[in-house]
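One file, run22.txt, is given below (compact mmCIF, C-alpha atoms).
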```
# COMPACT_ATOMS: atom_id res chain seq x y z
CA MET D 24 38.18 47.82 -83.51
CA LYS D 25 36.31 51.12 -83.61
CA LYS D 26 36.12 53.17 -86.73
CA GLY D 27 39.18 55.35 -87.26
CA GLU D 28 41.58 53.40 -85.01
CA GLU D 29 43.46 51.32 -87.56
CA GLY D 30 46.69 52.96 -88.69
CA GLN D 31 45.88 56.20 -86.86
CA GLY D 32 47.42 55.62 -83.45
CA LYS D 33 45.49 56.15 -80.24
CA ALA D 34 41.83 57.04 -80.73
CA SER D 35 39.27 58.66 -78.44
CA PHE D 36 35.90 56.91 -78.67
CA PHE D 37 35.52 56.53 -82.44
CA VAL D 38 37.74 59.19 -84.01
CA PRO D 39 41.49 59.23 -84.59
CA SER D 40 43.60 61.37 -82.30
CA GLY D 41 46.51 63.56 -83.25
CA ARG D 42 47.09 66.84 -85.02
CA ALA D 43 49.42 68.12 -87.68
CA ALA D 44 52.81 69.33 -86.51
CA PRO D 45 53.13 73.17 -86.42
CA LEU D 46 55.31 73.41 -89.52
CA GLU D 47 53.12 70.98 -91.43
CA LEU D 48 50.06 72.95 -90.38
CA GLN D 49 51.60 76.20 -91.64
CA ASP D 50 52.48 74.56 -94.98
CA GLN D 51 48.92 73.23 -95.33
CA ALA D 52 47.46 76.66 -94.60
CA SER D 53 49.82 78.32 -97.07
CA PHE D 54 49.04 76.16 -100.07
CA CYS D 55 45.36 76.29 -99.12
CA LEU D 56 45.30 80.09 -99.04
CA ASP D 57 47.34 80.34 -102.25
CA GLU D 58 44.69 78.39 -104.14
CA PRO D 59 42.17 80.71 -105.91
CA LEU D 60 39.55 77.95 -105.92
CA VAL D 61 39.57 77.87 -102.11
CA HIS D 62 39.04 81.64 -101.92
CA ALA D 63 36.22 81.43 -104.44
CA MET D 64 34.42 78.68 -102.51
CA LEU D 65 34.78 80.43 -99.15
CA GLU D 66 33.48 83.70 -100.57
CA ALA D 67 30.59 82.06 -102.43
CA VAL D 68 28.80 80.38 -99.53
CA ASP D 69 26.26 82.39 -97.53
CA SER D 70 26.97 80.54 -94.28
CA TYR D 71 29.93 79.82 -92.03
CA ALA D 72 32.61 77.86 -93.91
CA VAL D 73 36.00 76.36 -93.06
CA VAL D 74 38.57 74.22 -94.85
CA LEU D 75 39.80 71.30 -92.74
CA ASN D 76 42.82 69.05 -93.00
CA ALA D 77 42.83 65.29 -92.35
CA GLN D 78 43.04 65.91 -88.60
CA ARG D 79 39.89 68.09 -88.77
CA GLN D 80 41.90 71.25 -88.05
CA ILE D 81 40.94 74.58 -89.59
CA LEU D 82 43.23 75.83 -92.35
CA ALA D 83 41.05 78.69 -93.63
CA ALA D 84 37.74 80.34 -92.73
CA ASN D 85 35.40 82.66 -94.60
CA PRO D 86 34.63 86.28 -93.57
CA LEU D 87 31.17 85.36 -92.26
CA LEU D 88 32.71 83.04 -89.69
CA LEU D 89 35.23 85.68 -88.65
CA GLU D 90 32.39 88.14 -88.07
CA GLY D 91 30.14 85.60 -86.34
CA ILE D 92 32.79 84.48 -83.86
CA ALA D 93 34.19 88.01 -83.39
CA LYS D 94 37.66 87.19 -84.68
CA GLU D 95 39.61 89.85 -86.54
CA ASN D 96 42.56 87.74 -87.64
CA PRO D 97 41.97 84.60 -89.74
CA GLY D 98 45.13 83.18 -88.20
CA ASP D 99 43.32 82.95 -84.85
CA PHE D 100 41.47 79.91 -86.21
CA LEU D 101 44.51 78.12 -87.59
CA GLY D 102 44.85 74.63 -86.15
CA LEU D 103 41.62 74.75 -84.15
CA ARG D 104 38.83 72.28 -84.64
CA VAL D 105 35.28 73.50 -85.20
CA GLY D 106 34.09 72.99 -81.63
CA GLU D 107 37.11 74.86 -80.32
CA ALA D 108 36.52 77.78 -82.68
CA PHE D 109 32.86 77.98 -81.63
CA HIS D 110 33.60 77.51 -77.89
CA CYS D 111 31.56 74.32 -77.56
CA VAL D 112 31.12 73.41 -73.87
CA HIS D 113 32.53 69.91 -74.56
CA ARG D 114 35.67 71.06 -76.37
CA ALA D 115 38.04 70.34 -73.45
CA GLU D 116 36.42 67.19 -72.06
CA GLY D 117 38.30 64.66 -74.21
CA SER D 118 41.97 63.77 -74.34
CA ASP D 119 42.39 65.34 -77.80
CA GLY D 120 40.03 68.30 -77.63
CA CYS D 121 37.09 68.71 -80.01
CA GLY D 122 35.90 65.34 -81.28
CA SER D 123 37.34 63.22 -78.50
CA SER D 124 34.77 63.43 -75.68
CA ARG D 125 31.82 61.15 -75.08
CA ALA D 126 29.43 63.95 -76.00
CA CYS D 127 31.09 64.28 -79.41
CA GLN D 128 29.65 60.94 -80.51
CA GLY D 129 26.34 62.68 -81.23
CA CYS D 130 27.79 65.80 -82.89
CA GLY D 131 26.27 66.25 -86.34
CA ALA D 132 29.23 68.27 -87.62
CA LEU D 133 31.73 65.59 -86.59
CA LEU D 134 29.60 62.80 -88.05
CA ALA D 135 29.32 64.63 -91.37
CA VAL D 136 33.09 65.23 -91.51
CA LEU D 137 33.92 61.60 -90.71
CA ALA D 138 31.41 60.32 -93.26
CA ALA D 139 32.83 62.58 -95.99
CA GLN D 140 36.40 61.58 -95.15
CA ASP D 141 35.50 57.89 -95.22
CA SER D 142 33.43 57.90 -98.42
CA GLN D 143 35.03 60.86 -100.22
CA GLN D 144 31.48 61.94 -100.98
CA PRO D 145 29.52 64.95 -99.65
CA SER D 146 27.74 64.35 -96.34
CA SER D 147 25.22 66.50 -94.48
CA GLY D 148 23.30 66.63 -91.23
CA GLU D 149 22.26 68.84 -88.33
CA CYS D 150 24.45 69.93 -85.45
CA LEU D 151 23.19 71.05 -82.04
CA LEU D 152 25.86 73.02 -80.18
CA SER D 153 25.93 74.24 -76.60
CA LEU D 154 28.33 77.19 -76.45
CA GLN D 155 29.99 79.13 -73.65
CA ARG D 156 31.03 82.55 -74.94
CA GLU D 157 31.93 85.63 -72.92
CA GLY D 158 30.51 84.01 -69.79
CA ARG D 159 27.13 83.27 -71.40
CA TRP D 160 25.70 79.85 -72.17
CA GLU D 161 23.73 79.58 -75.40
CA ALA D 162 22.35 76.92 -77.69
CA ARG D 163 22.81 77.04 -81.46
CA GLU D 164 21.63 74.76 -84.24
CA PHE D 165 23.33 74.37 -87.61
CA SER D 166 22.67 72.60 -90.87
CA VAL D 167 26.07 71.18 -91.83
CA ARG D 168 27.54 69.88 -95.08
CA ALA D 169 31.01 68.40 -95.55
CA ARG D 170 32.43 68.21 -99.07
CA PRO D 171 35.81 66.62 -99.95
CA LEU D 172 38.15 68.64 -102.15
CA VAL D 173 41.70 68.23 -103.43
CA VAL D 174 44.09 71.19 -103.21
CA ALA D 175 47.66 70.89 -104.56
CA GLY D 176 47.35 67.14 -104.38
CA HIS D 177 46.18 67.17 -100.77
CA ARG D 178 42.83 65.81 -99.64
CA LEU D 179 41.01 68.46 -97.63
CA LEU D 180 37.43 69.11 -96.63
CA LEU D 181 35.10 72.08 -97.02
CA LEU D 182 32.67 72.26 -94.09
CA THR D 183 29.74 74.69 -94.17
CA LEU D 184 27.53 75.47 -91.18
CA LYS D 185 24.26 77.31 -91.78
CA ASP D 186 22.73 78.77 -88.63
CA ILE D 187 19.16 77.48 -88.37
CA SER D 188 18.62 78.48 -84.73
CA ALA D 189 15.77 80.86 -85.62
CA GLN D 190 14.05 78.12 -87.64
CA LYS D 191 14.36 75.67 -84.76
CA ARG D 192 13.04 78.30 -82.36
CA ARG D 193 9.98 78.79 -84.57
CA GLU D 194 9.44 75.04 -84.75
CA SER D 195 9.58 74.82 -80.97
CA LEU D 196 7.07 77.63 -80.61
CA GLU D 197 4.79 76.02 -83.16
CA HIS D 198 4.88 72.53 -81.66
CA ILE D 199 4.89 73.43 -77.97
CA PHE D 200 3.60 76.88 -77.24
CA ILE D 201 1.01 77.26 -79.99
CA HIS D 202 -0.18 73.67 -79.48
CA ASP D 203 -0.66 74.29 -75.74
CA LEU D 204 -2.21 77.68 -76.43
CA VAL D 205 -4.82 76.19 -78.77
CA ASN D 206 -5.64 73.44 -76.25
CA SER D 207 -6.10 76.04 -73.51
CA LEU D 208 -8.36 78.16 -75.70
CA HIS D 209 -10.48 75.12 -76.56
CA GLY D 210 -10.81 74.42 -72.86
CA LEU D 211 -11.85 77.98 -72.14
CA GLN D 212 -14.39 77.84 -74.94
CA GLY D 213 -15.89 74.64 -73.54
CA TRP D 214 -16.24 75.98 -70.02
CA THR D 215 -17.69 79.26 -71.31
CA GLU D 216 -20.34 77.34 -73.27
CA MET D 217 -21.21 75.45 -70.09
CA LEU D 218 -21.61 78.77 -68.31
CA GLN D 219 -24.22 79.72 -70.89
CA GLY D 220 -26.27 76.61 -70.19
CA SER D 221 -29.14 76.56 -67.78
CA GLY D 222 -28.76 74.94 -64.40
CA SER D 223 -24.97 75.20 -64.37
CA ASP D 224 -23.02 76.07 -61.25
CA ALA D 225 -21.94 79.50 -62.47
CA THR D 226 -19.57 80.19 -59.56
CA ALA D 227 -17.66 76.91 -59.95
CA ILE D 228 -17.39 77.30 -63.71
CA ALA D 229 -16.27 80.93 -63.43
CA THR D 230 -13.59 79.83 -60.95
CA ARG D 231 -12.39 77.16 -63.36
CA ILE D 232 -12.28 79.67 -66.24
CA LEU D 233 -10.27 82.07 -64.09
CA GLU D 234 -7.78 79.30 -63.22
CA MET D 235 -7.34 78.39 -66.88
CA THR D 236 -6.92 82.05 -67.82
CA ASP D 237 -4.22 82.42 -65.18
CA CYS D 238 -2.39 79.37 -66.57
CA LEU D 239 -2.67 80.72 -70.10
CA THR D 240 -1.35 84.12 -69.02
CA GLU D 241 1.59 82.50 -67.24
CA GLU D 242 2.44 80.39 -70.30
CA VAL D 243 2.47 83.46 -72.54
CA GLU D 244 4.56 85.35 -69.99
CA SER D 245 7.01 82.43 -69.72
CA GLN D 246 7.56 82.40 -73.46
CA ARG D 247 8.04 86.16 -73.45
CA ARG D 248 10.64 85.87 -70.69
CA LEU D 249 12.51 83.16 -72.58
CA LEU D 250 12.61 85.16 -75.80
CA LEU D 251 13.95 88.19 -73.92
CA ALA D 252 16.50 86.05 -72.10
CA GLU D 253 17.80 84.63 -75.38
CA ARG D 254 18.41 88.19 -76.56
CA ASN D 255 20.01 89.09 -73.21
CA GLU D 256 17.28 91.69 -72.66
CA LEU D 257 15.46 90.23 -69.63
CA VAL D 258 16.18 92.18 -66.45
CA PRO D 259 15.41 90.21 -63.27
CA ASP D 260 13.14 91.75 -60.62
CA LEU D 261 15.34 91.09 -57.59
CA ARG D 262 13.56 90.77 -54.26
CA GLU D 263 14.22 89.21 -50.89
CA THR D 264 12.57 85.88 -50.21
CA THR D 265 13.26 82.66 -48.34
CA PRO D 266 13.80 79.09 -49.52
CA GLY D 267 10.79 78.01 -47.48
CA LYS D 268 8.50 80.55 -49.16
CA LEU D 269 9.71 79.52 -52.63
CA ILE D 270 9.12 75.82 -51.96
CA GLU D 271 5.72 76.54 -50.38
CA ASP D 272 4.59 78.63 -53.36
CA LEU D 273 5.75 76.00 -55.83
CA ALA D 274 3.97 73.17 -54.02
CA GLY D 275 0.79 75.23 -53.84
CA SER D 276 0.83 75.83 -57.60
CA LEU D 277 0.79 72.10 -58.42
CA ASP D 278 -2.31 70.02 -59.00
CA ALA D 279 -3.32 67.45 -56.38
CA GLU D 280 -1.80 64.49 -58.24
CA SER D 281 1.56 66.23 -58.61
CA GLN D 282 1.52 67.31 -54.96
CA ALA D 283 1.03 63.69 -53.91
CA ARG D 284 4.05 62.60 -55.97
CA LEU D 285 6.43 65.33 -54.77
CA ILE D 286 8.11 65.27 -51.36
CA CYS D 287 9.08 68.82 -50.36
CA LEU D 288 11.65 68.91 -47.58
CA THR D 289 11.34 71.88 -45.22
CA PRO D 290 14.47 74.06 -45.24
CA ALA D 291 16.39 74.49 -42.00
CA SER D 292 15.26 77.34 -39.76
CA ASP D 293 18.56 79.13 -40.30
CA ALA D 294 18.32 79.00 -44.13
CA PRO D 295 19.56 82.29 -45.59
CA VAL D 296 17.39 85.01 -47.06
CA LEU D 297 17.76 85.01 -50.85
CA ARG D 298 17.83 87.99 -53.19
CA THR D 299 16.57 86.77 -56.53
CA ASP D 300 13.64 87.00 -58.94
CA PRO D 301 11.02 84.73 -57.30
CA ALA D 302 8.86 84.44 -60.44
CA ILE D 303 11.73 83.31 -62.68
CA LEU D 304 13.15 80.98 -60.04
CA ASN D 305 9.69 79.48 -59.50
CA ARG D 306 9.42 78.83 -63.24
CA ILE D 307 12.79 77.06 -63.27
CA LEU D 308 11.93 74.90 -60.25
CA THR D 309 8.49 74.11 -61.69
CA ASN D 310 10.13 72.86 -64.90
CA MET D 311 12.52 70.72 -62.87
CA VAL D 312 9.65 69.22 -60.90
CA ARG D 313 7.52 68.57 -63.99
CA ASN D 314 10.41 66.88 -65.77
CA ALA D 315 11.08 64.75 -62.70
CA LEU D 316 7.45 63.67 -62.45
CA GLU D 317 7.24 62.90 -66.18
CA ALA D 318 10.37 60.74 -65.94
CA MET D 319 8.91 58.46 -63.26
CA PRO D 320 6.51 55.54 -63.52
CA THR D 321 3.07 55.79 -61.93
CA GLY D 322 3.41 55.80 -58.16
CA GLY D 323 6.99 57.10 -58.13
CA GLN D 324 7.94 60.09 -56.02
CA ALA D 325 10.27 63.00 -56.60
CA ARG D 326 11.98 65.11 -53.94
CA LEU D 327 12.64 68.84 -53.70
CA TRP D 328 14.95 70.42 -51.17
CA PHE D 329 17.21 73.37 -50.41
CA GLU D 330 20.83 73.14 -49.34
CA LEU D 331 24.01 75.17 -49.17
CA ARG D 332 26.48 73.70 -51.65
CA SER D 333 29.99 75.07 -51.15
CA GLY D 334 28.31 77.99 -49.42
CA GLN D 335 26.03 78.70 -52.40
CA PRO D 336 22.20 78.60 -52.06
CA THR D 337 21.05 75.57 -54.06
CA PHE D 338 17.70 73.96 -54.88
CA VAL D 339 17.69 70.29 -55.90
CA VAL D 340 14.99 68.18 -57.55
CA GLN D 341 15.59 64.43 -57.51
CA ASN D 342 13.88 61.54 -59.25
CA PRO D 343 14.97 57.89 -59.02
CA GLY D 344 15.56 57.51 -62.77
CA TYR D 345 18.91 57.35 -64.56
CA LEU D 346 19.83 59.27 -67.72
CA PRO D 347 21.88 57.23 -70.19
CA PRO D 348 25.01 58.96 -71.56
CA GLU D 349 23.53 59.71 -74.99
CA VAL D 350 20.72 61.66 -73.25
CA ALA D 351 22.80 63.21 -70.48
CA ASP D 352 25.24 64.78 -72.92
CA ARG D 353 22.49 66.62 -74.80
CA VAL D 354 19.87 67.34 -72.15
CA PHE D 355 20.17 71.16 -72.29
CA GLN D 356 20.20 71.46 -76.08
CA ARG D 357 17.17 73.38 -77.30
CA SER D 358 16.07 70.97 -80.03
CA PHE D 359 16.84 67.74 -78.21
CA SER D 360 14.30 65.80 -76.19
CA THR D 361 13.63 62.23 -75.13
CA LYS D 362 9.95 62.81 -75.90
CA ALA D 363 8.67 61.43 -79.16
CA ALA D 364 6.93 64.59 -80.33
CA ARG D 365 9.07 66.69 -82.64
CA GLY D 366 9.87 70.12 -81.29
CA ARG D 367 9.82 69.26 -77.57
CA GLY D 368 12.70 70.14 -75.30
CA LEU D 369 12.26 73.77 -74.18
CA GLY D 370 11.89 72.78 -70.51
CA THR D 371 15.51 71.94 -69.70
CA TYR D 372 16.76 74.49 -72.22
CA GLY D 373 14.65 77.18 -70.54
CA MET D 374 16.06 76.26 -67.13
CA LYS D 375 19.59 76.77 -68.39
CA VAL D 376 18.95 80.09 -70.14
CA LEU D 377 16.91 81.65 -67.34
CA GLY D 378 18.99 80.24 -64.49
CA GLU D 379 22.40 81.22 -65.85
CA THR D 380 21.86 84.11 -68.26
CA VAL D 381 19.24 85.94 -66.18
CA LEU D 382 19.74 84.88 -62.55
CA GLY D 383 23.51 84.47 -62.81
CA GLY D 384 23.48 81.01 -61.23
CA LYS D 385 24.54 77.58 -62.39
CA VAL D 386 22.07 74.98 -63.64
CA GLY D 387 23.18 71.38 -63.96
CA PHE D 388 22.48 67.82 -62.96
CA THR D 389 24.03 64.58 -61.80
CA THR D 390 22.77 61.12 -62.68
CA GLY D 391 23.58 57.64 -61.45
CA TRP D 392 21.98 54.33 -60.60
CA GLU D 393 22.30 54.84 -56.84
CA ASP D 394 21.14 58.45 -56.36
CA GLY D 395 18.96 58.80 -59.45
CA THR D 396 18.90 62.07 -61.38
CA ARG D 397 19.30 65.36 -59.53
CA PHE D 398 18.74 68.65 -61.31
CA PHE D 399 19.94 71.71 -59.40
CA ILE D 400 20.18 75.45 -59.59
CA MET D 401 22.99 77.03 -57.59
CA LEU D 402 22.31 80.72 -57.02
CA PRO D 403 24.92 83.45 -56.61
CA GLY D 404 25.56 84.77 -53.12
CA GLY D 405 26.00 82.95 -49.87
```

Final structure tokens representation of the file:
Amino acid sequence: MKKGEEGQGKASFFVPSGRAAPLELQDQASFCLDEPLVHAMLEAVDSYAVVLNAQRQILAANPLLLEGIAKENPGDFLGLRVGEAFHCVHRAEGSDGCGSSRACQGCGALLAVLAAQDSQQPSSGECLLSLQREGRWEAREFSVRARPLVVAGHRLLLLTLKDISAQKRRESLEHIFIHDLVNSLHGLQGWTEMLQGSGSDATAIATRILEMTDCLTEEVESQRRLLLAERNELVPDLRETTPGKLIEDLAGSLDAESQARLICLTPASDAPVLRTDPAILNRILTNMVRNALEAMPTGGQARLWFELRSGQPTFVVQNPGYLPPEVADRVFQRSFSTKAARGRGLGTYGMKVLGETVLGGKVGFTTGWEDGTRFFIMLPGG
């Protein structure tokens, strides 16, 4: 029997289902709000804070949370679970809302709450949330701490969530961008020193230096675009182009080894003209291709093609691999990656932010043993 099932009725995955009845919920909120200690705790913390009942429903929230989630009335949170209050993208996937979907099994906030309820001791962790608010997808990271408390003889829980998204963003920049930047600069230095030597092929070396400089410039520009996109300040440069031109440009930008491992299918002659930002779309497709190639064993091949999906212009990158559920549920989270190095994971995250926030499309994937993993971007229009 899974944890939480015994004596709790039907459970979803590993947490008990069910919520307090409306009148019971109102009574719980009333004695919670009448308790001065609760007010003092909520006012004292410098992060988001909520008081939860045994069913993990919100009874009270602090002013910081009301401001952060743009709620004017504290009663708007009453009875919600944390993922529902924050508009987590998985909040409606399970039979009992927040906490009942497959993706919830890796939620740091839920794990901390369950651990504190089980042990009646404080529990902490980190929570990576993918949110859908006001039509925008965004990733947020929180340091969470759940602390049991007793109010009027009732066992409740104080849950605090400290937003550490900026810290995680800096870590990502440090471990990915700065690391790659330093490597590129070392390469440039080495080739420049060769250029100084006698008997060197100056033209070939200068060409190589120019290529590396172009790559370095593009990497800096990509990071700049992503930072602007996260702040909703990146304005796309919309131009007309064709699927064939986009695929041709992408293939031409790859090294010889990558070109040999990628099958690019030629779009149909009647493929529509697209109005999009070619540079941003190229970056998204390049990330999809690189991820596909990295996921395959030596000798494997990925495929790139264009199609109309429900009338919408769509690019698809396929590799024969399969993503297990624990990876698939978290693949677009900024701080999550299957790579061992800490701080990796901006590739898929960047696809999502640029493809949806900037280009107004939909970025997603399907995965299965038969068709492998297919990442796609569906563009507006059609």

Around all the atoms of range 331-336 of chain D listed in the file, with 6 Å of room on each side, what axis-aligned box do you get, giving centre and edge lengths in Å to one decimal, as AutoDock Vina command-line options?
```
--center_x 26.1 --center_y 76.2 --center_z -50.8 --size_x 19.8 --size_y 17.0 --size_z 15.2
```

Nearest-residue call for Leu184 in chain D, choices D:Gly91, D:Gly275, D:Gly213, D:Gly378, using only C-alpha atoms:
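That would be D:Gly91, the residue with the smallest distance to Leu184 in chain D.
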
Identify which of the residues D:Leu137, D:Glu379, D:Leu239, D:Thr226 lies closest to Leu208 in chain D, counting all atoms listed in the file when measuring atom-to-atom distances.
D:Leu239

Near Tyr71 in chain D, counting only C-alpha atoms, which residues have an atom at most 7 Å away, once you skip same-chain residues fewer than 2 positions from it, shown as a list in words?
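Near neighbours after the sequence-gap exclusion: Asn85, Leu87, Leu88, Thr183, Leu184 and Lys185 of chain D.
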
Please dump the current selection as a PDB file, in the coordinates of the input; keep C-alpha atoms.
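Below is the file that was written, result-v4.pdb:
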```
ATOM      1  CA  ASN D  85      35.400  82.660 -94.600  1.00  0.00           C
ATOM      2  CA  LEU D  87      31.170  85.360 -92.260  1.00  0.00           C
ATOM      3  CA  LEU D  88      32.710  83.040 -89.690  1.00  0.00           C
ATOM      4  CA  THR D 183      29.740  74.690 -94.170  1.00  0.00           C
ATOM      5  CA  LEU D 184      27.530  75.470 -91.180  1.00  0.00           C
ATOM      6  CA  LYS D 185      24.260  77.310 -91.780  1.00  0.00           C
TER       7      LYS D 185
END
```

Hey, can you check how far CA of Gly344 in chain D sits from CA of Leu277 in chain D?
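Going from CA of Gly344 in chain D over to CA of Leu277 in chain D covers 21.2 Å.
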
What separation in Å, quoted to one decimal, exists between CA of Asn310 in chain D and CA of Phe109 in chain D?
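Between CA of Asn310 in chain D and CA of Phe109 in chain D the gap works out to 28.7 Å.
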
For Phe399 in chain D, which of D:Thr380, D:Thr337, D:Ser142, D:Asn305 is the closest residue, counting only C-alpha atoms?
D:Thr337

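Among the candidate residues D:Gly370, D:Gly148, D:Pro59, D:Gly323, the one lying nearest to Ala283 in chain D is D:Gly323, with distances computed using only C-alpha atoms.
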
Give me the residues within 10 Å of Glu58 in chain D as a list in words, counting only C-alpha atoms and dropping any in the same chain fewer than 4 places off.
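Listing them by chain and then by number gives Ser53, Phe54, His62, Ala63, Val174 and Ala175 of chain D.
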
Might you pull out every residue within 12 Å of Leu273 in chain D, with all atoms listed in the file counted and same-chain residues fewer than 2 positions away left off, and present them as a PyMOL selection string?
chain D and resi 266-271+275-278+281-282+285-287+301-313+327-328

Those same residues, written as a PDB file, in the coordinates of the input with C-alpha atoms?
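File again_8.pdb, as written:
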```pdb
ATOM      1  CA  PRO D 266      13.800  79.090 -49.520  1.00  0.00           C
ATOM      2  CA  GLY D 267      10.790  78.010 -47.480  1.00  0.00           C
ATOM      3  CA  LYS D 268       8.500  80.550 -49.160  1.00  0.00           C
ATOM      4  CA  LEU D 269       9.710  79.520 -52.630  1.00  0.00           C
ATOM      5  CA  ILE D 270       9.120  75.820 -51.960  1.00  0.00           C
ATOM      6  CA  GLU D 271       5.720  76.540 -50.380  1.00  0.00           C
ATOM      7  CA  GLY D 275       0.790  75.230 -53.840  1.00  0.00           C
ATOM      8  CA  SER D 276       0.830  75.830 -57.600  1.00  0.00           C
ATOM      9  CA  LEU D 277       0.790  72.100 -58.420  1.00  0.00           C
ATOM     10  CA  ASP D 278      -2.310  70.020 -59.000  1.00  0.00           C
ATOM     11  CA  SER D 281       1.560  66.230 -58.610  1.00  0.00           C
ATOM     12  CA  GLN D 282       1.520  67.310 -54.960  1.00  0.00           C
ATOM     13  CA  LEU D 285       6.430  65.330 -54.770  1.00  0.00           C
ATOM     14  CA  ILE D 286       8.110  65.270 -51.360  1.00  0.00           C
ATOM     15  CA  CYS D 287       9.080  68.820 -50.360  1.00  0.00           C
ATOM     16  CA  PRO D 301      11.020  84.730 -57.300  1.00  0.00           C
ATOM     17  CA  ALA D 302       8.860  84.440 -60.440  1.00  0.00           C
ATOM     18  CA  ILE D 303      11.730  83.310 -62.680  1.00  0.00           C
ATOM     19  CA  LEU D 304      13.150  80.980 -60.040  1.00  0.00           C
ATOM     20  CA  ASN D 305       9.690  79.480 -59.500  1.00  0.00           C
ATOM     21  CA  ARG D 306       9.420  78.830 -63.240  1.00  0.00           C
ATOM     22  CA  ILE D 307      12.790  77.060 -63.270  1.00  0.00           C
ATOM     23  CA  LEU D 308      11.930  74.900 -60.250  1.00  0.00           C
ATOM     24  CA  THR D 309       8.490  74.110 -61.690  1.00  0.00           C
ATOM     25  CA  ASN D 310      10.130  72.860 -64.900  1.00  0.00           C
ATOM     26  CA  MET D 311      12.520  70.720 -62.870  1.00  0.00           C
ATOM     27  CA  VAL D 312       9.650  69.220 -60.900  1.00  0.00           C
ATOM     28  CA  ARG D 313       7.520  68.570 -63.990  1.00  0.00           C
ATOM     29  CA  LEU D 327      12.640  68.840 -53.700  1.00  0.00           C
ATOM     30  CA  TRP D 328      14.950  70.420 -51.170  1.00  0.00           C
TER      31      TRP D 328
END
```

Skipping near chain neighbours, those fewer than 3 positions away, what residues fall within 12 Å of Glu161 in chain D using only C-alpha atoms, listed as a PyMOL selection string?
chain D and resi 109-112+151-158+164+188+252-255+355-357+372-380

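Among the candidate residues D:Leu250, D:Leu181, D:Val173, D:Ala132, the one lying nearest to Pro145 in chain D is D:Leu181, with distances computed using all atoms listed in the file.
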
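Using only C-alpha atoms, the nearest neighbour of Ile232 in chain D within the list D:Gln335, D:Ala291, D:Thr215, D:Arg170 is D:Thr215.
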
For CA of Asp99 in chain D and CA of Ala67 in chain D, quote the distance in Å rounded to one decimal.
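According to the coordinates, CA of Asp99 in chain D and CA of Ala67 in chain D are separated by 21.7 Å.
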
Within 12 Å of Val74 in chain D using all atoms listed in the file, minus same-chain residues under 3 positions, as a PyMOL selection string:
chain D and resi 51-52+54-56+58+60-62+64-65+71+77-85+88+100-105+136+168-174+177-184
